[in-house]
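One file, input_13.cif, carrying mmCIF, C-alpha atoms (C1' of nucleotides):
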```cif
data_entry
#
loop_
_atom_site.group_PDB
_atom_site.id
_atom_site.type_symbol
_atom_site.label_atom_id
_atom_site.label_comp_id
_atom_site.auth_asym_id
_atom_site.auth_seq_id
_atom_site.Cartn_x
_atom_site.Cartn_y
_atom_site.Cartn_z
ATOM 1 C CA MET A 1 -21.001 -13.792 -18.139
ATOM 2 C CA PRO A 2 -21.764 -17.224 -16.747
ATOM 3 C CA VAL A 3 -25.437 -16.412 -16.594
ATOM 4 C CA ASP A 4 -25.288 -16.834 -12.865
ATOM 5 C CA THR A 5 -27.954 -19.451 -12.424
ATOM 6 C CA ARG A 6 -27.263 -19.770 -8.753
ATOM 7 C CA GLY A 7 -29.014 -16.729 -7.397
ATOM 8 C CA THR A 8 -30.243 -13.211 -7.709
ATOM 9 C CA PRO A 9 -28.058 -10.410 -6.395
ATOM 10 C CA THR A 10 -30.946 -9.163 -4.297
ATOM 11 C CA THR A 11 -30.647 -12.158 -2.042
ATOM 12 C CA VAL A 12 -27.562 -11.041 -0.184
ATOM 13 C CA PRO A 13 -27.766 -13.782 2.424
ATOM 14 C CA ALA A 14 -25.115 -13.787 5.114
ATOM 15 C CA ALA A 15 -24.156 -10.145 5.635
ATOM 16 C CA CYS A 16 -24.959 -11.002 9.186
ATOM 17 C CA CYS A 17 -22.401 -8.930 10.990
ATOM 18 C CA PRO A 18 -23.727 -5.431 11.614
ATOM 19 C CA PRO A 19 -20.416 -3.610 11.949
ATOM 20 C CA ALA A 20 -19.175 -5.242 8.801
ATOM 21 C CA ALA A 21 -17.560 -3.023 6.249
ATOM 22 C CA LEU A 22 -16.480 -5.097 3.323
ATOM 23 C CA ALA A 23 -19.885 -6.632 3.165
ATOM 24 C CA ALA A 24 -21.567 -6.727 -0.165
ATOM 25 C CA GLY A 25 -22.143 -3.044 -0.817
ATOM 26 C CA LEU A 26 -18.799 -1.254 0.036
ATOM 27 C CA SER A 27 -19.170 1.842 -2.081
ATOM 28 C CA GLY A 28 -16.378 3.428 -4.000
ATOM 29 C CA GLN A 29 -16.208 6.152 -1.397
ATOM 30 C CA GLN A 30 -15.910 3.695 1.477
ATOM 31 C CA ALA A 31 -13.321 1.654 -0.386
ATOM 32 C CA ALA A 32 -11.232 4.726 -1.129
ATOM 33 C CA ASP A 33 -11.370 5.875 2.472
ATOM 34 C CA LEU A 34 -10.380 2.521 3.914
ATOM 35 C CA ALA A 35 -7.695 2.098 1.270
ATOM 36 C CA ARG A 36 -6.207 5.455 2.200
ATOM 37 C CA ARG A 37 -5.849 4.451 5.826
ATOM 38 C CA LEU A 38 -4.465 1.047 4.924
ATOM 39 C CA LYS A 39 -1.972 2.678 2.597
ATOM 40 C CA ALA A 40 -0.648 4.669 5.538
ATOM 41 C CA LEU A 41 0.004 1.402 7.361
ATOM 42 C CA ALA A 42 1.353 -0.529 4.393
ATOM 43 C CA ASP A 43 4.965 0.453 4.872
ATOM 44 C CA PRO A 44 7.622 -1.340 6.916
ATOM 45 C CA ALA A 45 9.126 1.879 8.230
ATOM 46 C CA ARG A 46 5.760 3.179 9.428
ATOM 47 C CA LEU A 47 4.828 -0.104 11.055
ATOM 48 C CA ARG A 48 8.092 -0.076 12.943
ATOM 49 C CA LEU A 49 7.518 3.518 13.968
ATOM 50 C CA LEU A 50 4.160 2.591 15.451
ATOM 51 C CA SER A 51 5.772 -0.376 17.113
ATOM 52 C CA LEU A 52 8.566 1.681 18.624
ATOM 53 C CA ILE A 53 6.254 4.398 19.896
ATOM 54 C CA ALA A 54 3.751 1.942 21.319
ATOM 55 C CA GLY A 55 6.515 0.010 22.955
ATOM 56 C CA SER A 56 8.333 2.957 24.479
ATOM 57 C CA PRO A 57 8.106 3.267 28.267
ATOM 58 C CA ALA A 58 6.046 6.450 28.277
ATOM 59 C CA GLY A 59 4.004 5.570 25.235
ATOM 60 C CA GLU A 60 5.514 8.415 23.311
ATOM 61 C CA ALA A 61 8.736 9.203 21.511
ATOM 62 C CA CYS A 62 10.449 12.042 19.697
ATOM 63 C CA VAL A 63 12.020 11.960 16.260
ATOM 64 C CA CYS A 64 15.543 11.806 17.611
ATOM 65 C CA ASP A 65 14.729 8.522 19.342
ATOM 66 C CA LEU A 66 13.338 6.959 16.181
ATOM 67 C CA THR A 67 15.909 7.665 13.508
ATOM 68 C CA ASP A 68 18.577 5.330 14.840
ATOM 69 C CA PRO A 69 16.481 2.161 15.228
ATOM 70 C CA LEU A 70 15.132 2.550 11.706
ATOM 71 C CA GLY A 71 18.369 3.472 10.003
ATOM 72 C CA LEU A 72 16.646 6.277 8.148
ATOM 73 C CA THR A 73 17.482 9.953 7.996
ATOM 74 C CA GLN A 74 15.667 12.467 10.168
ATOM 75 C CA PRO A 75 13.695 14.058 7.312
ATOM 76 C CA THR A 76 12.501 10.663 6.157
ATOM 77 C CA VAL A 77 11.341 9.700 9.632
ATOM 78 C CA SER A 78 9.630 13.045 9.980
ATOM 79 C CA HIS A 79 7.846 12.417 6.703
ATOM 80 C CA HIS A 80 6.588 9.004 7.806
ATOM 81 C CA LEU A 81 5.391 10.436 11.102
ATOM 82 C CA LYS A 82 3.462 13.094 9.243
ATOM 83 C CA VAL A 83 1.772 10.448 7.134
ATOM 84 C CA LEU A 84 0.730 8.547 10.243
ATOM 85 C CA VAL A 85 -0.521 11.711 11.910
ATOM 86 C CA ASP A 86 -2.531 12.683 8.835
ATOM 87 C CA ALA A 87 -4.030 9.201 8.741
ATOM 88 C CA GLY A 88 -5.103 9.523 12.355
ATOM 89 C CA PHE A 89 -2.870 6.858 13.838
ATOM 90 C CA LEU A 90 -0.497 9.176 15.683
ATOM 91 C CA ALA A 91 -0.858 12.364 17.698
ATOM 92 C CA ARG A 92 1.835 14.984 17.712
ATOM 93 C CA ASP A 93 2.553 17.047 20.802
ATOM 94 C CA LYS A 94 5.341 19.581 20.444
ATOM 95 C CA ARG A 95 6.703 20.404 23.859
ATOM 96 C CA GLY A 96 9.537 22.861 23.650
ATOM 97 C CA VAL A 97 12.163 21.740 21.225
ATOM 98 C CA TRP A 98 11.005 18.179 20.934
ATOM 99 C CA ALA A 99 7.979 16.760 19.217
ATOM 100 C CA TRP A 100 6.433 13.841 21.061
ATOM 101 C CA PHE A 101 4.399 11.311 19.135
ATOM 102 C CA SER A 102 1.886 8.989 20.725
ATOM 103 C CA ILE A 103 -0.556 6.347 19.511
ATOM 104 C CA VAL A 104 -4.128 7.492 18.993
ATOM 105 C CA PRO A 105 -6.234 5.034 21.017
ATOM 106 C CA GLY A 106 -8.699 3.047 18.975
ATOM 107 C CA ALA A 107 -7.493 4.135 15.551
ATOM 108 C CA MET A 108 -5.882 0.823 14.793
ATOM 109 C CA GLU A 109 -8.785 -1.124 16.172
ATOM 110 C CA THR A 110 -11.189 0.778 13.965
ATOM 111 C CA VAL A 111 -9.364 -0.283 10.846
ATOM 112 C CA ALA A 112 -8.869 -3.810 12.101
ATOM 113 C CA ALA A 113 -12.571 -4.118 12.841
ATOM 114 C CA LEU A 114 -13.437 -3.167 9.282
ATOM 115 C CA LEU A 115 -11.374 -5.830 7.604
ATOM 116 C CA PRO A 116 -13.051 -9.092 8.594
ATOM 117 C CA GLY A 117 -16.297 -7.766 7.224
ATOM 118 C CA ALA A 118 -15.236 -9.156 3.900
ATOM 119 C CA VAL A 119 -15.807 -12.669 5.056
ATOM 120 C CA PRO A 120 -19.334 -12.691 6.488
ATOM 121 C CA ALA A 121 -19.010 -16.122 7.984
ATOM 122 C CA ARG A 122 -20.346 -18.077 5.072
ATOM 123 C CA ALA A 123 -22.302 -21.153 5.947
ATOM 124 C CA MET B 1 29.709 6.129 -4.274
ATOM 125 C CA PRO B 2 27.134 5.790 -1.507
ATOM 126 C CA VAL B 3 29.768 4.866 1.117
ATOM 127 C CA ASP B 4 26.953 3.821 3.415
ATOM 128 C CA THR B 5 28.461 4.926 6.680
ATOM 129 C CA ARG B 6 25.495 3.747 8.658
ATOM 130 C CA GLY B 7 25.968 0.145 7.614
ATOM 131 C CA THR B 8 24.493 -1.377 10.707
ATOM 132 C CA PRO B 9 23.870 -5.056 9.990
ATOM 133 C CA THR B 10 20.290 -4.710 11.096
ATOM 134 C CA THR B 11 20.852 -5.619 14.683
ATOM 135 C CA VAL B 12 17.163 -6.211 15.206
ATOM 136 C CA PRO B 13 16.897 -6.260 18.964
ATOM 137 C CA ALA B 14 14.065 -7.913 20.789
ATOM 138 C CA ALA B 15 11.975 -9.622 18.099
ATOM 139 C CA CYS B 16 11.090 -11.924 20.901
ATOM 140 C CA CYS B 17 7.350 -11.638 21.381
ATOM 141 C CA PRO B 18 5.430 -14.334 19.539
ATOM 142 C CA PRO B 19 1.833 -13.141 19.991
ATOM 143 C CA ALA B 20 1.658 -9.381 19.545
ATOM 144 C CA ALA B 21 2.871 -7.976 16.296
ATOM 145 C CA LEU B 22 3.428 -4.266 16.561
ATOM 146 C CA ALA B 23 4.652 -4.679 20.091
ATOM 147 C CA ALA B 24 7.962 -3.157 20.919
ATOM 148 C CA GLY B 25 10.253 -5.314 18.921
ATOM 149 C CA LEU B 26 8.630 -5.722 15.492
ATOM 150 C CA SER B 27 11.648 -6.767 13.465
ATOM 151 C CA GLY B 28 12.374 -5.547 10.001
ATOM 152 C CA GLN B 29 11.385 -8.925 8.661
ATOM 153 C CA GLN B 30 8.047 -8.916 10.442
ATOM 154 C CA ALA B 31 7.361 -5.341 9.430
ATOM 155 C CA ALA B 32 8.128 -6.075 5.804
ATOM 156 C CA ASP B 33 5.891 -9.136 5.809
ATOM 157 C CA LEU B 34 2.935 -7.378 7.379
ATOM 158 C CA ALA B 35 3.449 -4.354 5.129
ATOM 159 C CA ARG B 36 3.376 -6.578 2.073
ATOM 160 C CA ARG B 37 0.008 -8.028 3.048
ATOM 161 C CA LEU B 38 -1.379 -4.618 3.952
ATOM 162 C CA LYS B 39 -0.172 -3.253 0.634
ATOM 163 C CA ALA B 40 -2.266 -5.854 -1.113
ATOM 164 C CA LEU B 41 -5.318 -4.555 0.723
ATOM 165 C CA ALA B 42 -4.514 -0.867 0.381
ATOM 166 C CA ASP B 43 -6.279 -0.346 -2.913
ATOM 167 C CA PRO B 44 -9.903 0.639 -3.499
ATOM 168 C CA ALA B 45 -10.322 -1.729 -6.417
ATOM 169 C CA ARG B 46 -9.037 -4.701 -4.461
ATOM 170 C CA LEU B 47 -11.153 -3.881 -1.429
ATOM 171 C CA ARG B 48 -14.210 -3.758 -3.630
ATOM 172 C CA LEU B 49 -13.234 -7.032 -5.242
ATOM 173 C CA LEU B 50 -13.075 -8.701 -1.845
ATOM 174 C CA SER B 51 -16.376 -7.110 -0.975
ATOM 175 C CA LEU B 52 -18.059 -8.280 -4.144
ATOM 176 C CA ILE B 53 -16.778 -11.824 -3.829
ATOM 177 C CA ALA B 54 -17.615 -12.079 -0.140
ATOM 178 C CA GLY B 55 -21.062 -10.673 -0.777
ATOM 179 C CA SER B 56 -21.925 -12.870 -3.705
ATOM 180 C CA PRO B 57 -24.578 -15.510 -3.049
ATOM 181 C CA ALA B 58 -22.252 -18.466 -3.399
ATOM 182 C CA GLY B 59 -19.233 -16.783 -1.920
ATOM 183 C CA GLU B 60 -17.378 -16.934 -5.164
ATOM 184 C CA ALA B 61 -17.301 -15.048 -8.423
ATOM 185 C CA CYS B 62 -15.571 -15.121 -11.782
ATOM 186 C CA VAL B 63 -13.737 -12.335 -13.522
ATOM 187 C CA CYS B 64 -16.552 -11.586 -15.917
ATOM 188 C CA ASP B 65 -18.854 -10.800 -13.002
ATOM 189 C CA LEU B 66 -16.389 -8.377 -11.475
ATOM 190 C CA THR B 67 -15.312 -6.166 -14.348
ATOM 191 C CA ASP B 68 -18.606 -4.333 -14.736
ATOM 192 C CA PRO B 69 -19.161 -3.296 -11.101
ATOM 193 C CA LEU B 70 -15.637 -1.915 -10.889
ATOM 194 C CA GLY B 71 -15.572 -0.193 -14.242
ATOM 195 C CA LEU B 72 -12.149 -1.612 -14.968
ATOM 196 C CA THR B 73 -10.903 -3.649 -17.891
ATOM 197 C CA GLN B 74 -10.600 -7.416 -17.680
ATOM 198 C CA PRO B 75 -6.783 -7.461 -17.598
ATOM 199 C CA THR B 76 -6.748 -4.953 -14.766
ATOM 200 C CA VAL B 77 -9.229 -6.953 -12.719
ATOM 201 C CA SER B 78 -7.263 -10.094 -13.426
ATOM 202 C CA HIS B 79 -4.144 -8.342 -12.199
ATOM 203 C CA HIS B 80 -5.779 -7.267 -8.938
ATOM 204 C CA LEU B 81 -7.111 -10.754 -8.358
ATOM 205 C CA LYS B 82 -3.640 -12.164 -8.853
ATOM 206 C CA VAL B 83 -2.286 -9.748 -6.234
ATOM 207 C CA LEU B 84 -4.942 -10.845 -3.765
ATOM 208 C CA VAL B 85 -4.304 -14.506 -4.478
ATOM 209 C CA ASP B 86 -0.551 -14.068 -4.050
ATOM 210 C CA ALA B 87 -1.171 -12.275 -0.752
ATOM 211 C CA GLY B 88 -3.268 -15.185 0.452
ATOM 212 C CA PHE B 89 -6.604 -13.425 0.619
ATOM 213 C CA LEU B 90 -8.256 -15.169 -2.314
ATOM 214 C CA ALA B 91 -8.317 -18.697 -3.676
ATOM 215 C CA ARG B 92 -8.597 -19.426 -7.375
ATOM 216 C CA ASP B 93 -10.514 -22.412 -8.668
ATOM 217 C CA LYS B 94 -10.569 -22.775 -12.429
ATOM 218 C CA ARG B 95 -13.544 -24.875 -13.430
ATOM 219 C CA GLY B 96 -13.777 -25.272 -17.156
ATOM 220 C CA VAL B 97 -13.711 -21.938 -18.905
ATOM 221 C CA TRP B 98 -14.326 -19.807 -15.856
ATOM 222 C CA ALA B 99 -12.053 -19.042 -12.925
ATOM 223 C CA TRP B 100 -13.915 -18.812 -9.629
ATOM 224 C CA PHE B 101 -12.450 -16.765 -6.841
ATOM 225 C CA SER B 102 -13.371 -17.198 -3.196
ATOM 226 C CA ILE B 103 -12.311 -15.673 0.101
ATOM 227 C CA VAL B 104 -9.662 -17.562 2.058
ATOM 228 C CA PRO B 105 -11.165 -18.018 5.519
ATOM 229 C CA GLY B 106 -9.184 -16.447 8.294
ATOM 230 C CA ALA B 107 -6.721 -14.543 6.139
ATOM 231 C CA MET B 108 -8.299 -11.190 6.843
ATOM 232 C CA GLU B 109 -8.690 -11.934 10.518
ATOM 233 C CA THR B 110 -5.021 -12.817 10.785
ATOM 234 C CA VAL B 111 -3.975 -9.422 9.509
ATOM 235 C CA ALA B 112 -6.611 -7.637 11.552
ATOM 236 C CA ALA B 113 -5.452 -9.411 14.683
ATOM 237 C CA LEU B 114 -1.914 -8.196 14.151
ATOM 238 C CA LEU B 115 -2.726 -4.515 13.969
ATOM 239 C CA PRO B 116 -3.960 -3.714 17.484
ATOM 240 C CA GLY B 117 -0.725 -5.079 18.814
ATOM 241 C CA ALA B 118 0.640 -1.592 18.436
ATOM 242 C CA VAL B 119 -1.360 -0.326 21.339
ATOM 243 C CA PRO B 120 -0.620 -2.818 24.130
ATOM 244 C CA ALA B 121 -3.212 -1.397 26.474
ATOM 245 C CA ARG B 122 -0.987 1.068 28.192
ATOM 246 C CA ALA B 123 -1.355 1.249 31.927
ATOM 247 C "C1'" DC C 1 -10.762 -29.337 -36.708
ATOM 248 C "C1'" DC C 2 -11.962 -24.770 -36.388
ATOM 249 C "C1'" DA C 3 -14.289 -20.732 -34.415
ATOM 250 C "C1'" DG C 4 -15.284 -18.316 -30.307
ATOM 251 C "C1'" DG C 5 -15.169 -17.093 -25.547
ATOM 252 C "C1'" DA C 6 -12.808 -16.555 -20.844
ATOM 253 C "C1'" DC C 7 -8.859 -15.643 -18.646
ATOM 254 C "C1'" DA C 8 -3.732 -14.677 -18.100
ATOM 255 C "C1'" DT C 9 0.382 -12.365 -19.657
ATOM 256 C "C1'" DT C 10 3.244 -8.786 -21.772
ATOM 257 C "C1'" DG C 11 4.699 -4.193 -22.696
ATOM 258 C "C1'" DA C 12 4.072 0.634 -22.173
ATOM 259 C "C1'" DC C 13 2.710 4.876 -19.984
ATOM 260 C "C1'" DG C 14 1.809 8.078 -16.186
ATOM 261 C "C1'" DC C 15 1.654 8.846 -11.532
ATOM 262 C "C1'" DC C 16 2.611 8.315 -6.773
ATOM 263 C "C1'" DC C 17 5.747 7.049 -3.139
ATOM 264 C "C1'" DG C 18 10.016 6.439 -0.360
ATOM 265 C "C1'" DT C 19 14.364 8.266 0.174
ATOM 266 C "C1'" DC C 20 17.911 11.617 0.395
ATOM 267 C "C1'" DC C 21 20.210 16.368 0.616
ATOM 268 C "C1'" DA C 22 19.902 21.055 1.582
ATOM 269 C "C1'" DT C 23 17.717 24.411 4.032
ATOM 270 C "C1'" DA C 24 14.323 27.003 6.689
ATOM 271 C "C1'" DC C 25 11.881 27.258 11.186
ATOM 272 C "C1'" DC C 26 11.516 27.269 16.045
ATOM 273 C "C1'" DT C 27 12.882 27.083 20.766
ATOM 274 C "C1'" DC C 28 16.145 27.200 24.421
ATOM 275 C "C1'" DC C 29 20.453 28.741 26.590
ATOM 276 C "C1'" DG C 30 24.363 31.595 27.482
ATOM 277 C "C1'" DC D 1 20.766 38.842 21.089
ATOM 278 C "C1'" DG D 2 23.154 35.233 18.818
ATOM 279 C "C1'" DG D 3 24.425 30.556 18.525
ATOM 280 C "C1'" DA D 4 23.043 25.726 18.848
ATOM 281 C "C1'" DG D 5 20.241 21.791 18.575
ATOM 282 C "C1'" DG D 6 15.719 19.458 17.245
ATOM 283 C "C1'" DT D 7 12.311 19.388 13.735
ATOM 284 C "C1'" DA D 8 9.704 20.441 9.469
ATOM 285 C "C1'" DT D 9 9.732 21.602 4.544
ATOM 286 C "C1'" DG D 10 11.162 21.809 -0.463
ATOM 287 C "C1'" DG D 11 13.316 19.858 -4.361
ATOM 288 C "C1'" DA D 12 15.107 15.908 -6.802
ATOM 289 C "C1'" DC D 13 15.838 11.233 -8.012
ATOM 290 C "C1'" DG D 14 14.734 6.253 -8.611
ATOM 291 C "C1'" DG D 15 11.560 2.640 -8.236
ATOM 292 C "C1'" DG D 16 7.109 0.662 -7.885
ATOM 293 C "C1'" DC D 17 2.129 0.599 -8.843
ATOM 294 C "C1'" DG D 18 -2.341 0.984 -11.363
ATOM 295 C "C1'" DT D 19 -4.150 1.143 -15.743
ATOM 296 C "C1'" DC D 20 -4.838 -0.024 -20.493
ATOM 297 C "C1'" DA D 21 -4.285 -2.187 -25.343
ATOM 298 C "C1'" DA D 22 -2.618 -6.057 -27.612
ATOM 299 C "C1'" DT D 23 -1.611 -10.686 -27.577
ATOM 300 C "C1'" DG D 24 -1.209 -15.481 -25.949
ATOM 301 C "C1'" DT D 25 -3.272 -19.729 -23.850
ATOM 302 C "C1'" DC D 26 -6.722 -22.908 -22.727
ATOM 303 C "C1'" DC D 27 -11.352 -24.780 -22.924
ATOM 304 C "C1'" DT D 28 -15.843 -25.484 -25.172
ATOM 305 C "C1'" DG D 29 -19.255 -26.075 -28.914
ATOM 306 C "C1'" DG D 30 -20.333 -26.969 -33.618
#
```
Step by step, read the file and then write its structure as structure tokens.
Amino acid sequence: MPVDTRGTPTTVPAACCPPAALAAGLSGQQAADLARRLKALADPARLRLLSLIAGSPAGEACVCDLTDPLGLTQPTVSHHLKVLVDAGFLARDKRGVWAWFSIVPGAMETVAALLPGAVPARA
Amino acid sequence: MPVDTRGTPTTVPAACCPPAALAAGLSGQQAADLARRLKALADPARLRLLSLIAGSPAGEACVCDLTDPLGLTQPTVSHHLKVLVDAGFLARDKRGVWAWFSIVPGAMETVAALLPGAVPARA
DNA sequence: CCAGGACATTGACGCCCGTCCATACCTCCG
DNA sequence: CGGAGGTATGGACGGGCGTCAATGTCCTGG
């Protein structure tokens, strides 16, 4: 340990931003929770799925519309969609034979708002 | 023999929009790049590392200060720090015996700004 | 010059994840 | 009621990731 002559940990200056998340204290629980949601996003196929659904005319799409653009098999796409639904980024609405997936409003923003908390605007 | 009947040369339509990220045409390249950065963040240990460094009085910390709070061994912490440096979230400054790590300003915000692009404020 | 400390690298192990194939489920239509 | 099409699930395989112990490298102090 470098003895840390520069300051006591109780100081915790900055930490200005109230909605900050990654600010000093980020508990193991909080880190695990945020990491779980980020892990759901950290996949090219899932990012493209979100992109395709968000960009579709009606704001929703069914599995059959998503397999071709991704070049993945139907079960694989279904698996990715399930991951995104479980993580709270997508909503599934099964109407008749087809399952329509739509973006959950605010879910992405919530995660995005948590990230910059790590850099509390140092002086 | 995989045969690969679906051998579409990754037509990648659109890919036009410069600002938004998850907007309609998120190309495979863009998705892979964003996924790679998100993958670097999608780990509880790394999130806590960023938190600890950002919350430290001087905005920087060395490995020896980070092993104890995480309960991980020094090689493991060093590995995580390398991942974060390679992803552009941390900067390493080796001064004498110690290596000081600091947050790269704006890196987190860049990623955070890309995420909400998935929900282009539907009418 | 040598001993010691701080950090990085290597190799190994176990686990999780992404992908596929095969198949079951569910709903509509004739 | 039975077939057909869209979707979800289960099992299996390969690869990647997180972790650790052991070792290497570089700098400092005596």
Rank nothing, just name the residue among A:Ser78, A:Thr110, A:Ser102, A:Gln30 nearest to DT7 (chain D), using all atoms listed in the file.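 Between A:Ser78, A:Thr110, A:Ser102, A:Gln30, the residue approaching DT7 (chain D) most closely is A:Ser78.
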Which residues of chain D come within 9 Å of chain B, and for each one, what is the closest pair of atoms and their distance in Å to one decimal, counting all atoms listed in the file, sorted by chain and residue number, as CSV?
```
residue,atom,partner,partner_atom,distance
D:DG18,C1',B:Thr76,CA,8.1
D:DT19,C1',B:Thr76,CA,6.7
D:DC20,C1',B:Thr73,CA,7.5
D:DC26,C1',B:Val97,CA,8.0
D:DC27,C1',B:Val97,CA,5.5
D:DT28,C1',B:Val97,CA,7.5
```
For this session: List the residues selected by the PyMOL selection byres ((chain C and resi 11) around 10) in the file shown, writing them as a list of chain:residue names.
Result: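 Checked against the file, the PyMOL selection byres ((chain C and resi 11) around 10) matches C:DT9, C:DT10, C:DA12, C:DC13, D:DA21, D:DA22.
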Can I get the selection written as a PDB file, keeping the file's coordinate frame, with C-alpha atoms (C1' of nucleotides)?
```
ATOM      1  C1'  DT C   9       0.382 -12.365 -19.657  1.00  0.00           C
ATOM      2  C1'  DT C  10       3.244  -8.786 -21.772  1.00  0.00           C
ATOM      3  C1'  DA C  12       4.072   0.634 -22.173  1.00  0.00           C
ATOM      4  C1'  DC C  13       2.710   4.876 -19.984  1.00  0.00           C
TER       5       DC C  13
ATOM      6  C1'  DA D  21      -4.285  -2.187 -25.343  1.00  0.00           C
ATOM      7  C1'  DA D  22      -2.618  -6.057 -27.612  1.00  0.00           C
TER       8       DA D  22
END
```
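Close contacts of DG4 (chain C), defined as residues with an atom at most 10 Å away when counting all atoms listed in the file, with chain neighbours fewer than 2 positions off set aside, comprise DC2 and DA6 of chain C; DT28 and DG29 of chain D.
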Write out as a list in words each polymer residue whose atoms come within 12 Å of DT23 (chain C), counting only C-alpha atoms (C1' of nucleotides); drop sequence neighbours fewer than 3 positions from it.
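In the requested format, the answer is Pro75 of chain A; DA8, DT9, DG10 and DG11 of chain D.
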**Request:** Check what the PyMOL selection byres ((chain D and resi 17) around 9) selects in the file above and give those residues as a list in words.
**Result:**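 Applied to this file, the PyMOL selection byres ((chain D and resi 17) around 9) returns DC15 and DC16 of chain C; DG16 and DG18 of chain D.
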Separation of CA of Pro69 (chain B) from CA of Ser56 (chain B) in Å: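 Interatomic distance, CA of Ser56 (chain B) to CA of Pro69 (chain B): 12.4 Å.
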Would you write out, as a tab-separated table, a table of all residues in chain C that have an atom no more than 8 Å from an atom of chain A, listing for each the closest atom pair and the distance in Å to one decimal, considering only C-alpha atoms (C1' of nucleotides) and ordering rows by chain and rising residue number?
```
residue	atom	partner	partner_atom	distance
C:DT19	C1'	A:Thr76	CA	6.7
C:DC20	C1'	A:Thr73	CA	7.8
C:DC26	C1'	A:Val97	CA	7.6
C:DT27	C1'	A:Val97	CA	5.4
C:DC28	C1'	A:Val97	CA	7.5
```
Can you pull out every residue within 12 Å of Asp93 (chain B), counting all atoms listed in the file, but drop anything in the same chain fewer than 4 positions away, and send it as a list in words?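 Listed by chain and then number, they are Glu60, Ala61, Cys62, Val63, Val85, Val97, Trp98, Ala99, Trp100, Phe101, Ser102, Ile103 and Val104 of chain B.
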Output for the residues just chosen: C-alpha atoms as a compact mmCIF listing (two decimals), in the coordinates of the input:
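After the write, part_5.txt holds the following:
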```txt
# COMPACT_ATOMS: atom_id res chain seq x y z
CA GLU B 60 -17.38 -16.93 -5.16
CA ALA B 61 -17.30 -15.05 -8.42
CA CYS B 62 -15.57 -15.12 -11.78
CA VAL B 63 -13.74 -12.34 -13.52
CA VAL B 85 -4.30 -14.51 -4.48
CA VAL B 97 -13.71 -21.94 -18.90
CA TRP B 98 -14.33 -19.81 -15.86
CA ALA B 99 -12.05 -19.04 -12.92
CA TRP B 100 -13.92 -18.81 -9.63
CA PHE B 101 -12.45 -16.76 -6.84
CA SER B 102 -13.37 -17.20 -3.20
CA ILE B 103 -12.31 -15.67 0.10
CA VAL B 104 -9.66 -17.56 2.06
```
Q: Write out as a list in words which residues come within 7 Å of Ala107 (chain B) when counting only C-alpha atoms (C1' of nucleotides), dropping same-chain ones fewer than 4 positions away.
A: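 Surrounding residues, per the criterion: Gly88, Phe89 and Val111 of chain B.
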Measuring atom to atom with all atoms listed in the file, identify which of B:Leu49, B:Val83, B:Ala54, B:Ala91 is nearest to chain A.
->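 Smallest separation from chain A among the options: B:Ala54.
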Quiz item: For chain A, which of B:Ala87, B:Ala42, B:Leu114, B:Val77 is the closest residue, counting all atoms listed in the file?
Solution: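 With all atoms listed in the file as the atom set, the closest residue is B:Ala42.
Between chain B and the candidates A:Asp68, A:Ala32, A:Leu90, A:Pro57, the tightest atom-to-atom separation, counting all atoms listed in the file, involves A:Ala32.
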Counting all atoms listed in the file, the residue among B:Lys82, B:Arg46, B:Lys39, B:Arg92 that lies closest to chain A is B:Lys39
The residue from B:Leu84, B:Cys64, B:Ala40, B:Ala112 with the smallest atom-to-atom distance to DG5 (chain C), counting all atoms listed in the file, is B:Cys64
CA of Gly28 (chain A) sits from C1' of DG18 (chain C) at a separation of 26.8 Å
Taken to one decimal, the CA of Asp33 (chain B)-CA of Pro105 (chain B) distance is 19.2 Å
Mind working out the centre and edge lengths of an axis-aligned box for region 12-18 of chain D, all listed atoms inside, 8 Å added to each side, rounded to one decimal in Å and written as lines of an AutoDock Vina configuration file?
```
center_x = 6.7
center_y = 8.3
center_z = -9.1
size_x = 34.2
size_y = 31.3
size_z = 20.6
```
What does the PyMOL selection byres ((chain D and resi 3) around 12) select in this file, as number ranges by chain?
C: 28-30; D: 1-2, 4-5
Just add N, CA and C atoms to region 37-44 of chain A and send it as a PDB file, keeping the file's coordinate frame.
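And here's result20.pdb as it stands now:
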```pdb
ATOM      1  N   ARG A  37      -6.396   4.739   4.501  1.00  0.00           N
ATOM      2  CA  ARG A  37      -5.849   4.451   5.826  1.00  0.00           C
ATOM      3  C   ARG A  37      -4.927   3.242   5.794  1.00  0.00           C
ATOM      4  N   LEU A  38      -5.311   2.237   5.023  1.00  0.00           N
ATOM      5  CA  LEU A  38      -4.465   1.047   4.924  1.00  0.00           C
ATOM      6  C   LEU A  38      -3.136   1.382   4.264  1.00  0.00           C
ATOM      7  N   LYS A  39      -3.199   2.302   3.295  1.00  0.00           N
ATOM      8  CA  LYS A  39      -1.972   2.678   2.597  1.00  0.00           C
ATOM      9  C   LYS A  39      -0.985   3.317   3.562  1.00  0.00           C
ATOM     10  N   ALA A  40      -1.529   4.034   4.550  1.00  0.00           N
ATOM     11  CA  ALA A  40      -0.648   4.669   5.538  1.00  0.00           C
ATOM     12  C   ALA A  40       0.048   3.614   6.395  1.00  0.00           C
ATOM     13  N   LEU A  41      -0.582   2.475   6.546  1.00  0.00           N
ATOM     14  CA  LEU A  41       0.004   1.402   7.361  1.00  0.00           C
ATOM     15  C   LEU A  41       0.881   0.471   6.536  1.00  0.00           C
ATOM     16  N   ALA A  42       0.700   0.467   5.251  1.00  0.00           N
ATOM     17  CA  ALA A  42       1.353  -0.529   4.393  1.00  0.00           C
ATOM     18  C   ALA A  42       2.783  -0.131   4.057  1.00  0.00           C
ATOM     19  N   ASP A  43       3.560   0.100   5.079  1.00  0.00           N
ATOM     20  CA  ASP A  43       4.965   0.453   4.872  1.00  0.00           C
ATOM     21  C   ASP A  43       5.779  -0.039   6.063  1.00  0.00           C
ATOM     22  N   PRO A  44       6.827  -0.776   5.817  1.00  0.00           N
ATOM     23  CA  PRO A  44       7.622  -1.340   6.916  1.00  0.00           C
ATOM     24  C   PRO A  44       8.108  -0.269   7.880  1.00  0.00           C
TER      25      PRO A  44
END
```
